[in-house]
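Text of structure_32.txt (compact mmCIF, C-alpha atoms) as supplied:
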```txt
# COMPACT_ATOMS: atom_id res chain seq x y z
CA MET A 1 0.00 0.00 0.00
CA PRO A 2 1.19 3.57 -0.44
CA GLY A 3 2.98 4.88 2.62
CA GLY A 4 3.72 8.19 4.28
CA GLY A 5 7.00 9.85 4.94
CA GLY A 6 8.88 12.98 4.07
CA THR A 7 12.02 13.83 2.21
CA HIS A 8 13.39 16.33 4.77
CA CYS A 9 14.61 14.55 7.89
CA TYR A 10 14.50 17.23 10.57
CA PRO A 11 14.23 16.23 14.24
CA ARG A 12 10.96 18.13 14.77
CA LYS A 13 9.32 16.26 11.91
CA ILE A 14 10.69 12.96 13.19
CA GLU A 15 9.34 13.63 16.69
CA SER A 16 5.93 14.68 15.39
CA GLY A 17 5.71 11.45 13.43
CA MET A 18 5.84 9.49 16.66
CA LYS A 19 2.98 11.34 18.30
CA SER A 20 -0.39 9.60 18.43
CA ILE A 21 1.24 6.30 17.54
CA GLY A 22 -1.94 4.53 18.45
CA SER A 23 -3.63 2.90 21.37
CA GLN A 24 -3.55 -0.75 22.30
CA ALA A 25 -7.01 -0.95 20.72
CA ASP A 26 -5.55 0.06 17.31
CA PHE A 27 -3.02 -2.76 17.47
CA ALA A 28 -5.64 -5.20 18.75
CA ARG A 29 -7.98 -4.47 15.82
CA ALA A 30 -5.24 -5.20 13.31
CA GLU A 31 -4.29 -8.40 15.14
CA HIS A 32 -7.95 -9.47 15.24
CA LEU A 33 -8.26 -9.08 11.46
CA ASN A 34 -5.01 -10.97 10.89
CA LYS A 35 -6.39 -13.79 12.97
CA ASP A 36 -10.01 -13.93 11.86
CA CYS A 37 -10.53 -12.14 8.53
CA PHE A 38 -10.80 -14.39 5.47
CA CYS A 39 -12.95 -12.00 3.42
CA ILE A 40 -10.14 -10.94 1.11
CA GLY A 41 -7.51 -12.81 -0.81
CA LEU A 42 -5.63 -13.37 -4.02
CA ASP A 43 -7.80 -13.75 -7.11
CA GLU A 44 -5.91 -16.14 -9.39
CA ALA A 45 -8.04 -15.25 -12.42
CA ALA A 46 -7.35 -11.56 -11.87
CA LEU A 47 -3.63 -12.30 -11.45
CA ARG A 48 -3.54 -14.13 -14.77
CA SER A 49 -5.49 -11.33 -16.43
CA VAL A 50 -3.14 -8.63 -15.14
CA LEU A 51 -0.09 -10.49 -16.38
CA GLU A 52 -1.48 -11.66 -19.70
CA ARG A 53 -3.47 -8.67 -20.89
CA GLN A 54 -2.67 -5.51 -18.94
CA LEU A 55 1.08 -6.16 -19.01
CA ASN A 56 1.16 -7.91 -22.40
CA ALA A 57 3.02 -10.84 -20.86
CA PRO A 58 1.03 -13.98 -21.76
CA ALA A 59 3.71 -16.44 -20.61
CA LEU A 60 4.56 -14.71 -17.33
CA TYR A 61 1.76 -16.25 -15.27
CA GLU A 62 2.88 -19.77 -16.17
CA LEU A 63 6.52 -18.84 -15.56
CA ILE A 64 5.67 -17.63 -12.04
CA ARG A 65 3.59 -20.70 -11.26
CA GLU A 66 6.31 -23.02 -12.54
CA ARG A 67 9.36 -21.32 -11.06
CA CYS A 68 8.06 -19.64 -7.91
CA PRO A 69 4.64 -21.03 -6.94
CA HIS A 70 4.80 -19.49 -3.45
CA LEU A 71 5.61 -15.96 -4.58
CA PHE A 72 2.20 -14.48 -3.73
CA SER A 73 0.39 -15.01 -0.44
CA ALA A 74 -3.18 -16.20 -0.29
CA ARG A 75 -4.10 -13.43 2.21
CA PRO A 76 -3.24 -9.79 2.91
CA VAL A 77 -1.87 -8.47 6.19
CA PHE A 78 -3.60 -5.79 8.29
CA VAL A 79 -1.58 -3.08 10.02
CA SER A 80 -2.88 -0.07 11.91
CA GLU A 81 -2.35 3.36 10.39
CA SER A 82 -0.53 4.44 13.53
CA GLN A 83 1.92 1.56 13.16
CA LEU A 84 2.66 2.64 9.58
CA ARG A 85 3.28 6.20 10.80
CA ARG A 86 5.65 4.81 13.39
CA MET A 87 7.57 2.88 10.72
CA ALA A 88 7.86 6.06 8.63
CA ALA A 89 9.20 7.92 11.66
CA VAL A 90 11.89 5.25 12.12
CA VAL A 91 12.88 5.66 8.47
CA ARG A 92 13.20 9.42 8.93
CA ALA A 93 15.27 8.96 12.09
CA VAL A 94 17.70 6.64 10.30
CA GLU A 95 17.94 9.05 7.37
CA TYR A 96 18.71 11.91 9.74
CA VAL A 97 21.63 10.06 11.33
CA VAL A 98 23.01 8.73 8.04
CA ALA A 99 23.18 12.31 6.72
CA LEU A 100 25.48 13.41 9.57
CA PRO A 101 29.18 13.80 8.62
CA GLY A 102 30.30 12.03 11.80
CA TYR A 103 28.25 8.94 10.97
CA ARG A 104 29.53 8.86 7.39
CA ASP A 105 33.14 9.24 8.50
CA GLU A 106 32.78 6.39 10.98
CA VAL A 107 31.10 3.99 8.54
CA LEU A 108 33.11 4.75 5.41
CA ALA A 109 36.41 4.44 7.28
CA ARG A 110 35.81 0.69 7.73
CA SER A 111 34.10 0.12 4.36
CA PRO A 112 35.60 -1.05 1.06
CA GLU A 113 37.48 1.65 -0.83
CA ILE A 114 34.86 1.83 -3.58
CA ALA A 115 32.29 2.95 -0.97
CA ARG A 116 34.27 6.15 -0.55
CA HIS A 117 33.81 6.96 -4.23
CA ASP A 118 31.31 9.82 -4.62
CA PRO A 119 28.56 8.59 -6.98
CA GLY A 120 27.72 12.15 -7.98
CA GLY A 121 24.23 12.73 -6.61
CA ALA A 122 22.38 9.42 -7.03
CA ARG A 123 20.54 8.50 -3.82
CA SER A 124 20.01 4.80 -4.73
CA ALA A 125 16.70 3.23 -5.69
CA PHE A 126 14.57 0.84 -3.68
CA PHE A 127 15.85 0.83 -0.15
CA GLY A 128 14.04 -1.86 1.78
CA TYR A 129 13.42 -1.21 5.49
CA ASP A 130 12.39 -4.58 6.97
CA PHE A 131 10.37 -4.63 10.19
CA HIS A 132 8.97 -7.17 12.60
CA LEU A 133 5.71 -6.14 14.18
CA ALA A 134 3.89 -7.94 16.97
CA GLY A 135 1.24 -6.04 18.91
CA ASP A 136 2.75 -2.73 20.01
CA ARG A 137 6.35 -3.97 19.56
CA LEU A 138 8.07 -2.75 16.40
CA GLY A 139 11.57 -3.70 15.32
CA LEU A 140 13.59 -2.57 12.31
CA ILE A 141 15.59 -5.76 11.79
CA GLU A 142 17.64 -4.66 8.76
CA ILE A 143 17.94 -2.31 5.80
CA ASN A 144 18.55 -3.51 2.25
CA THR A 145 19.74 -1.44 -0.70
CA ASN A 146 18.59 -3.70 -3.52
CA ALA A 147 15.23 -4.73 -2.13
CA GLY A 148 13.26 -6.90 -4.51
CA GLY A 149 9.53 -7.27 -4.96
CA ALA A 150 8.25 -3.78 -5.73
CA MET A 151 6.85 -4.59 -9.19
CA LEU A 152 5.51 -7.90 -7.95
CA ASN A 153 3.55 -6.02 -5.32
CA VAL A 154 2.06 -3.77 -8.01
CA VAL A 155 0.74 -6.90 -9.73
CA LEU A 156 -0.48 -8.31 -6.43
CA ALA A 157 -2.36 -5.11 -5.62
CA ARG A 158 -4.31 -5.49 -8.87
CA ALA A 159 -5.31 -9.08 -8.14
CA GLN A 160 -7.12 -8.84 -4.78
CA ARG A 161 -10.71 -9.95 -4.22
CA ALA A 162 -13.05 -9.00 -1.36
CA CYS A 163 -16.25 -10.91 -0.67
CA CYS A 164 -17.98 -8.56 1.79
CA PRO A 165 -18.81 -4.82 1.69
CA PRO A 166 -16.86 -3.79 4.84
CA ILE A 167 -13.63 -5.04 3.30
CA GLU A 168 -14.12 -3.68 -0.22
CA PRO A 169 -12.85 -0.16 0.61
CA LEU A 170 -9.52 -1.66 1.63
CA VAL A 171 -8.84 -3.24 -1.76
CA PRO A 172 -6.32 -1.16 -3.76
CA THR A 173 -7.48 0.41 -6.98
CA ASP A 174 -5.80 0.51 -10.37
CA ALA A 175 -5.13 4.17 -9.63
CA ASP A 176 -3.11 3.17 -6.52
CA ALA A 177 -1.03 0.72 -8.55
CA GLU A 178 -0.52 3.20 -11.38
CA ALA A 179 0.57 5.90 -8.94
CA PHE A 180 3.25 3.57 -7.52
CA GLU A 181 4.43 2.69 -11.03
CA ASP A 182 4.72 6.40 -11.82
CA GLN A 183 6.76 6.88 -8.63
CA ILE A 184 9.10 4.07 -9.71
CA VAL A 185 9.74 5.62 -13.12
CA SER A 186 10.16 9.07 -11.59
CA MET A 187 12.67 7.65 -9.10
CA PHE A 188 14.93 6.31 -11.84
CA ARG A 189 14.65 9.54 -13.82
CA ASN A 190 15.51 11.48 -10.68
CA GLU A 191 18.59 9.30 -10.14
CA TRP A 192 19.65 10.20 -13.69
CA GLN A 193 19.07 13.92 -13.23
CA ALA A 194 20.59 14.05 -9.72
CA SER A 195 23.78 12.69 -11.25
CA GLY A 196 24.07 15.81 -13.39
CA ARG A 197 22.65 14.40 -16.62
CA THR A 198 20.67 16.86 -18.72
CA SER A 199 19.79 14.65 -21.69
CA PRO A 200 16.79 12.30 -21.53
CA LEU A 201 17.24 8.89 -19.88
CA ARG A 202 17.20 6.54 -22.85
CA THR A 203 18.50 3.11 -21.77
CA ILE A 204 18.38 1.16 -18.50
CA ALA A 205 20.15 -2.16 -17.97
CA ILE A 206 18.67 -4.36 -15.25
CA VAL A 207 21.78 -6.25 -14.12
CA ASP A 208 22.15 -9.38 -12.04
CA GLU A 209 24.27 -12.49 -12.13
CA ASN A 210 22.63 -15.09 -14.41
CA PRO A 211 19.42 -13.02 -14.49
CA GLU A 212 17.28 -15.62 -16.22
CA GLN A 213 18.07 -18.09 -13.42
CA GLN A 214 17.20 -15.71 -10.60
CA TYR A 215 14.16 -16.55 -8.50
CA LEU A 216 12.77 -13.05 -9.08
CA TYR A 217 13.47 -13.05 -12.82
CA PRO A 218 9.72 -12.52 -13.47
CA GLU A 219 10.10 -9.15 -11.73
CA PHE A 220 12.90 -8.18 -14.12
CA LEU A 221 10.46 -8.78 -16.99
CA LEU A 222 7.89 -6.57 -15.28
CA PHE A 223 10.45 -3.78 -14.83
CA ARG A 224 11.45 -4.02 -18.47
CA SER A 225 7.82 -3.74 -19.52
CA LEU A 226 7.27 -0.73 -17.21
CA PHE A 227 10.31 1.16 -18.47
CA GLU A 228 9.47 0.53 -22.11
CA ARG A 229 5.86 1.70 -21.61
CA HIS A 230 7.39 4.99 -20.45
CA GLY A 231 9.67 5.34 -23.45
CA ILE A 232 12.88 3.99 -21.84
CA HIS A 233 14.68 1.16 -23.60
CA ALA A 234 15.38 -1.63 -21.10
CA ILE A 235 17.83 -4.55 -21.18
CA ILE A 236 18.09 -7.51 -18.80
CA ALA A 237 21.73 -8.57 -18.63
CA GLY A 238 24.44 -10.29 -16.67
CA PRO A 239 27.38 -8.05 -15.74
CA GLU A 240 29.81 -10.03 -17.91
CA SER A 241 27.86 -8.98 -21.03
CA LEU A 242 28.67 -5.29 -20.43
CA ARG A 243 31.68 -3.69 -22.10
CA TRP A 244 33.67 -0.56 -21.24
CA ARG A 245 34.62 0.96 -24.59
CA ASP A 246 35.35 4.48 -25.88
CA GLY A 247 34.47 5.98 -22.52
CA ARG A 248 30.96 4.45 -22.42
CA LEU A 249 29.37 1.37 -20.90
CA ARG A 250 27.83 -0.75 -23.64
CA HIS A 251 25.69 -3.81 -24.10
CA GLY A 252 26.54 -4.89 -27.61
CA GLU A 253 26.42 -1.64 -29.54
CA THR A 254 23.86 -0.07 -27.20
CA VAL A 255 25.13 2.62 -24.83
CA VAL A 256 23.83 2.04 -21.29
CA ASP A 257 22.82 5.23 -19.46
CA LEU A 258 21.77 3.76 -16.12
CA VAL A 259 22.23 0.38 -14.45
CA TYR A 260 19.51 -0.84 -12.12
CA ASN A 261 21.79 -2.89 -9.89
CA ARG A 262 20.38 -6.16 -8.52
CA LEU A 263 23.81 -7.70 -7.89
CA THR A 264 24.84 -8.98 -4.48
CA ASP A 265 28.49 -8.17 -5.20
CA PHE A 266 27.91 -4.94 -3.31
CA ALA A 267 31.49 -3.65 -3.58
CA LEU A 268 31.86 -4.60 -7.28
CA GLU A 269 34.84 -6.82 -6.53
CA GLY A 270 34.35 -9.71 -8.97
CA GLU A 271 35.96 -10.15 -12.35
CA ALA A 272 32.56 -10.30 -14.04
CA VAL A 273 31.76 -6.71 -12.97
CA ALA A 274 35.05 -5.17 -14.15
CA ALA A 275 33.46 -3.13 -16.96
CA LEU A 276 30.66 -1.91 -14.71
CA ARG A 277 33.12 -0.98 -11.97
CA GLU A 278 35.28 1.01 -14.41
CA ALA A 279 32.29 2.87 -15.85
CA TYR A 280 31.00 3.66 -12.35
CA LEU A 281 34.37 4.99 -11.15
CA GLU A 282 34.65 7.12 -14.29
CA HIS A 283 31.12 8.55 -13.81
CA ALA A 284 30.25 7.16 -17.24
CA VAL A 285 27.12 5.39 -16.03
CA VAL A 286 24.58 6.03 -13.28
CA LEU A 287 24.57 3.01 -10.96
CA THR A 288 21.65 2.60 -8.60
CA PRO A 289 21.83 1.30 -5.92
CA HIS A 290 25.57 1.85 -5.55
CA PRO A 291 28.38 0.69 -3.18
CA ARG A 292 28.33 3.83 -1.03
CA ALA A 293 24.64 3.40 -0.25
CA HIS A 294 25.19 -0.22 0.72
CA ALA A 295 27.98 0.73 3.09
CA LEU A 296 26.02 3.56 4.71
CA TYR A 297 22.74 1.68 5.11
CA ALA A 298 22.89 -2.08 4.62
CA ASP A 299 26.04 -3.16 6.45
CA LYS A 300 24.57 -4.69 9.59
CA ARG A 301 27.34 -3.23 11.75
CA ASN A 302 25.54 0.08 11.25
CA LEU A 303 22.74 -1.20 13.49
CA VAL A 304 25.28 -1.36 16.31
CA LEU A 305 25.80 2.40 15.97
CA LEU A 306 22.10 3.13 15.61
CA THR A 307 21.32 1.35 18.89
CA ASP A 308 24.21 2.82 20.91
CA ARG A 309 22.78 5.79 22.81
CA ALA A 310 26.14 6.98 24.09
CA TRP A 311 27.54 7.08 20.57
CA LEU A 312 24.44 8.85 19.24
CA ASP A 313 24.73 11.44 22.02
CA GLU A 314 28.39 11.99 21.17
CA LEU A 315 27.40 12.47 17.53
CA GLY A 316 24.95 15.18 18.56
CA VAL A 317 21.75 13.35 17.61
CA PRO A 318 18.71 15.00 19.28
CA GLU A 319 17.27 12.99 22.16
CA ALA A 320 13.88 12.55 20.46
CA THR A 321 15.55 11.04 17.40
CA SER A 322 17.73 8.76 19.52
CA ASP A 323 14.63 7.62 21.43
CA ILE A 324 12.96 6.52 18.20
CA LEU A 325 16.00 4.53 17.14
CA ILE A 326 16.58 2.89 20.53
CA GLU A 327 12.90 1.99 20.96
CA ASN A 328 12.36 0.63 17.46
CA ILE A 329 15.61 -1.05 16.42
CA PRO A 330 16.48 -4.23 18.32
CA ARG A 331 19.70 -3.79 20.27
CA THR A 332 22.59 -5.01 18.14
CA GLU A 333 26.24 -5.66 19.00
CA LEU A 334 29.33 -7.01 17.31
CA VAL A 335 30.15 -10.62 18.10
CA ARG A 336 33.55 -10.52 19.79
CA ALA A 337 35.56 -13.38 21.27
CA GLU A 338 35.81 -11.64 24.64
CA ALA A 339 32.00 -11.63 24.90
CA SER A 340 31.53 -15.22 23.71
CA ASP A 341 30.47 -16.66 27.09
CA ARG A 342 27.86 -13.94 27.66
CA LEU A 343 26.48 -14.17 24.13
CA TRP A 344 26.30 -17.96 24.25
CA SER A 345 24.43 -17.93 27.55
CA SER A 346 21.89 -15.42 26.20
CA ARG A 347 21.73 -16.89 22.68
CA LYS A 348 18.05 -17.88 22.90
CA GLN A 349 17.13 -14.17 22.92
CA LEU A 350 19.43 -13.33 19.99
CA PHE A 351 19.60 -13.61 16.22
CA PHE A 352 23.05 -13.83 14.61
CA LYS A 353 23.71 -12.31 11.17
CA PRO A 354 26.84 -11.83 9.06
CA ALA A 355 27.65 -8.12 8.80
CA ALA A 356 27.73 -8.20 5.00
CA GLY A 357 25.06 -10.86 4.57
CA PHE A 358 21.90 -10.72 2.49
CA GLY A 359 18.78 -12.77 1.93
CA SER A 360 19.04 -14.35 5.40
CA ARG A 361 22.03 -16.42 4.25
CA ALA A 362 24.16 -17.81 7.08
CA ALA A 363 21.83 -16.16 9.63
CA TYR A 364 20.84 -18.13 12.72
CA ARG A 365 18.41 -17.99 15.58
CA GLY A 366 20.37 -18.44 18.76
CA ASP A 367 18.16 -21.26 20.04
CA LYS A 368 19.06 -23.30 16.91
CA LEU A 369 22.82 -22.99 17.26
CA THR A 370 25.21 -25.91 17.53
CA GLN A 371 28.70 -25.54 18.95
CA ARG A 372 30.17 -26.04 15.47
CA VAL A 373 28.16 -23.17 14.00
CA TRP A 374 28.90 -21.04 17.05
CA GLN A 375 32.63 -21.36 16.42
CA GLU A 376 32.08 -20.26 12.81
CA ILE A 377 30.12 -17.23 14.03
CA LEU A 378 32.90 -16.22 16.43
CA CYS A 379 35.33 -16.09 13.49
CA GLY A 380 32.94 -14.75 10.88
CA ASN A 381 32.32 -11.00 11.40
CA TYR A 382 28.81 -11.38 12.80
CA VAL A 383 26.42 -9.18 14.73
CA ALA A 384 24.04 -10.33 17.45
CA GLN A 385 20.59 -8.77 17.42
CA GLU A 386 17.89 -8.97 20.06
CA ILE A 387 14.98 -11.02 18.73
CA VAL A 388 11.75 -9.18 18.00
CA ARG A 389 8.90 -11.56 17.37
CA PRO A 390 7.35 -11.32 13.88
CA GLY A 391 3.63 -10.81 13.38
CA GLU A 392 1.24 -13.64 12.64
CA ARG A 393 -1.42 -14.06 9.94
CA ALA A 394 -3.95 -16.84 9.62
CA ILE A 395 -4.49 -18.10 6.07
CA GLY A 396 -6.73 -20.74 4.58
CA ALA A 397 -10.39 -20.71 5.52
CA GLU A 398 -12.25 -20.02 8.73
CA GLY A 399 -12.20 -23.08 10.93
CA ALA A 400 -9.20 -24.58 9.12
CA ALA A 401 -6.72 -21.73 9.24
CA GLN A 402 -2.96 -22.12 9.26
CA VAL A 403 -0.92 -19.44 11.06
CA LEU A 404 2.12 -18.01 9.29
CA LYS A 405 4.65 -15.41 10.39
CA PHE A 406 5.06 -12.14 8.57
CA ASP A 407 7.50 -9.28 8.28
CA LEU A 408 6.94 -5.89 6.70
CA ARG A 409 9.03 -4.23 4.00
CA SER A 410 8.81 -0.50 3.35
CA TYR A 411 10.19 0.51 -0.04
CA VAL A 412 11.92 3.84 0.51
CA TYR A 413 13.47 6.48 -1.70
CA ALA A 414 15.08 9.71 -0.48
CA GLY A 415 13.57 9.22 2.98
CA GLU A 416 10.02 8.72 1.70
CA VAL A 417 8.07 5.49 2.09
CA GLN A 418 6.67 4.67 -1.34
CA TRP A 419 4.89 1.39 -0.57
CA THR A 420 4.70 -1.16 2.25
CA ALA A 421 4.25 -4.88 1.69
CA ALA A 422 4.40 -8.00 3.83
CA ARG A 423 6.05 -11.38 3.40
CA LEU A 424 4.42 -14.48 4.92
CA TYR A 425 6.51 -17.52 5.77
CA GLN A 426 7.28 -20.46 8.04
CA GLY A 427 10.68 -21.16 9.55
CA GLN A 428 13.25 -18.75 10.93
CA THR A 429 13.39 -16.36 7.92
CA THR A 430 11.42 -15.40 4.82
CA ASN A 431 11.98 -18.04 2.16
CA PHE A 432 9.19 -18.01 -0.49
CA ARG A 433 8.85 -21.76 -0.04
CA THR A 434 5.81 -21.80 2.22
CA PRO A 435 2.45 -22.87 0.72
CA GLY A 436 0.10 -19.90 1.13
CA GLY A 437 3.06 -17.63 1.89
CA GLY A 438 4.97 -15.05 -0.15
CA PHE A 439 4.45 -11.35 -0.77
CA ALA A 440 1.20 -10.02 0.70
CA PRO A 441 -0.46 -6.61 0.38
CA VAL A 442 -0.68 -4.51 3.54
CA TYR A 443 -3.99 -2.86 4.44
CA LYS A 444 -4.26 -0.23 7.13
CA ARG A 445 -6.96 -0.30 9.82
```
Can the structure from this file be put into structure tokens for me?
Amino acid sequence: MPGGGGTHCYPRKIESGMKSIGSQADFARAEHLNKDCFCIGLDEAALRSVLERQLNAPALYELIRERCPHLFSARPVFVSESQLRRMAAVVRAVEYVVALPGYRDEVLARSPEIARHDPGGARSAFFGYDFHLAGDRLGLIEINTNAGGAMLNVVLARAQRACCPPIEPLVPTDADAEAFEDQIVSMFRNEWQASGRTSPLRTIAIVDENPEQQYLYPEFLLFRSLFERHGIHAIIAGPESLRWRDGRLRHGETVVDLVYNRLTDFALEGEAVAALREAYLEHAVVLTPHPRAHALYADKRNLVLLTDRAWLDELGVPEATSDILIENIPRTELVRAEASDRLWSSRKQLFFKPAAGFGSRAAYRGDKLTQRVWQEILCGNYVAQEIVRPGERAIGAEGAAQVLKFDLRSYVYAGEVQWTAARLYQGQTTNFRTPGGGFAPVYKR
């Protein structure tokens, strides 16, 4: 669903965003609907129609069902409007701190050298702020700089069905979906213009390793269709197919203006990305998201700073802003050998993540740890994060419902929440392997 949020991260605005965050009754109503409402769900016929006719992609429905059958959840998730305002306030608080020179100096000093390269104005597209939400407890568990799923959630918004009048007003309209699509295109054009380009944006390359084999390859096709409907030529390519020649980045004979970066080689270190790295360092292509953004936002060691009140005070962060961060980001610390006994004894309350990890890879709940894995964590540049319980959503039908966990992802650009979606799953992390799970629309109550 569309979200709130502002582009100017001043402390007064951050503080005001936390006022009237909602009563216990607001949270209880949302939890009641997540437990007992089965009046709205995914309409498979509408989903096929959207993909085959509206998007002129007749084979995409079958591709999704064959490759990723658990991509779309059977049910939406309900969240109170006050909770969404609270999430937006957390985003603004993070943005405020990240903009401070002292924070940037601290983070970039321990980041790869390429992160210190000035990208020339690009903010980076599609930040993903991932939250756990259970009752009145909110936790920002991580920030991603190449968050997937935005276009898939546009499709999902167009394929919802309500079977009773009270729920019908919650169903998103085509106008809602179109407005988000317009925001997406405007975001990429803004990245182009913010980088000092004055000519029109003509060509975007959507780049990932082995793109046709990626789980979210269907989304790449949706992005290509969106860009081309707005007069922007779009290419889906692996990084090794790009060439640095005559001062321009090329795909074949086509000059690439902007790269929509879906790679997980965040520092552009691999041999396959050599041409892209050279073009980026020479300011010959706009890369979004870029290595500096990943270092400043997505490195999980940053959460240690954002939950350290003494450090925030030393940095000069206003108390109201620090309060928001401390209250809504689970306490995080570096895993150090000298703290191993304490961390092991409290492991059942902790989640362990590699500092540079992504997609929940090599991440562990403390209560699942073996001694062998624990020794790997002690040597592996990990952080330990206090566990915040995820929300729960009943799916299926009344009387035979199955309860799944959910997290929330806010898609953010320049400090503004563009859209918020949920992901339903079983297990310790989101996995898109759970029947009835996957991306779910978020409706406010």
For this session: Give me the residues within 7 Å of region 430-434 of chain A as a ChimeraX atom specification, counting all atoms listed in the file and dropping any in the same chain fewer than 4 places off.
Result: /A:70-71,423,425-426,438
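The shortest atom-to-atom distance to Arg347 (chain A), with only C-alpha atoms taken into account, belongs to A:Glu386 out of A:Glu319, A:Trp311, A:Glu386, A:Gly380.
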Closest contacts (region 136-212 of chain A/region 101-121 of chain A, max 9 Å, all atoms listed in the file) as CSV:
```
residue,atom,partner,partner_atom,distance
A:Glu191,CA,A:Gly121,CA,7.5
A:Trp192,CA,A:Gly121,CA,8.8
A:Gln193,CA,A:Gly121,CA,8.5
A:Ala194,CA,A:Gly121,CA,5.0
A:Ser195,CA,A:Gly121,CA,4.7
A:Gly196,CA,A:Gly121,CA,7.4
```
Exercise. Which of these, A:Ile143, A:Gly231, A:Arg48, A:Ser340, has the shortest distance to Gln371 (chain A) once you count all atoms listed in the file?
Worked result: A:Ser340
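Among the candidates A:Cys39, A:Asp26, A:Val383, A:Pro289, the residue lying nearest to Cys164 (chain A) is A:Cys39 (atoms considered: all atoms listed in the file).
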Exercise. So which residues touch Ala125 (chain A) within 7 Å, counting only C-alpha atoms, skipping near sequence neighbours fewer than 3 positions away, as a PyMOL selection string?
Worked result: chain A and resi 187+288-289+413
For this session: Name the closest residue to Gln183 (chain A) among the candidates A:Leu226, A:Leu281, A:Ala293, A:Val97; distances are taken between atoms, counting all atoms listed in the file.
Result: A:Leu226
Seminar exercise, completed: Of A:Ala93, A:Val207, A:Leu334, A:Leu424, the one sitting nearest Asn146 (chain A) when using only C-alpha atoms is A:Val207
I'd like the box whose edges run along x, y and z of the file and which contains every listed atom of region 224-229 of chain A, padded by 3 Å per side; could you state its centre and edge lengths in Å, one decimal, as JSON?
```
{"center_x": 8.7, "center_y": -1.2, "center_z": -19.7, "size_x": 11.6, "size_y": 11.7, "size_z": 10.9}
```
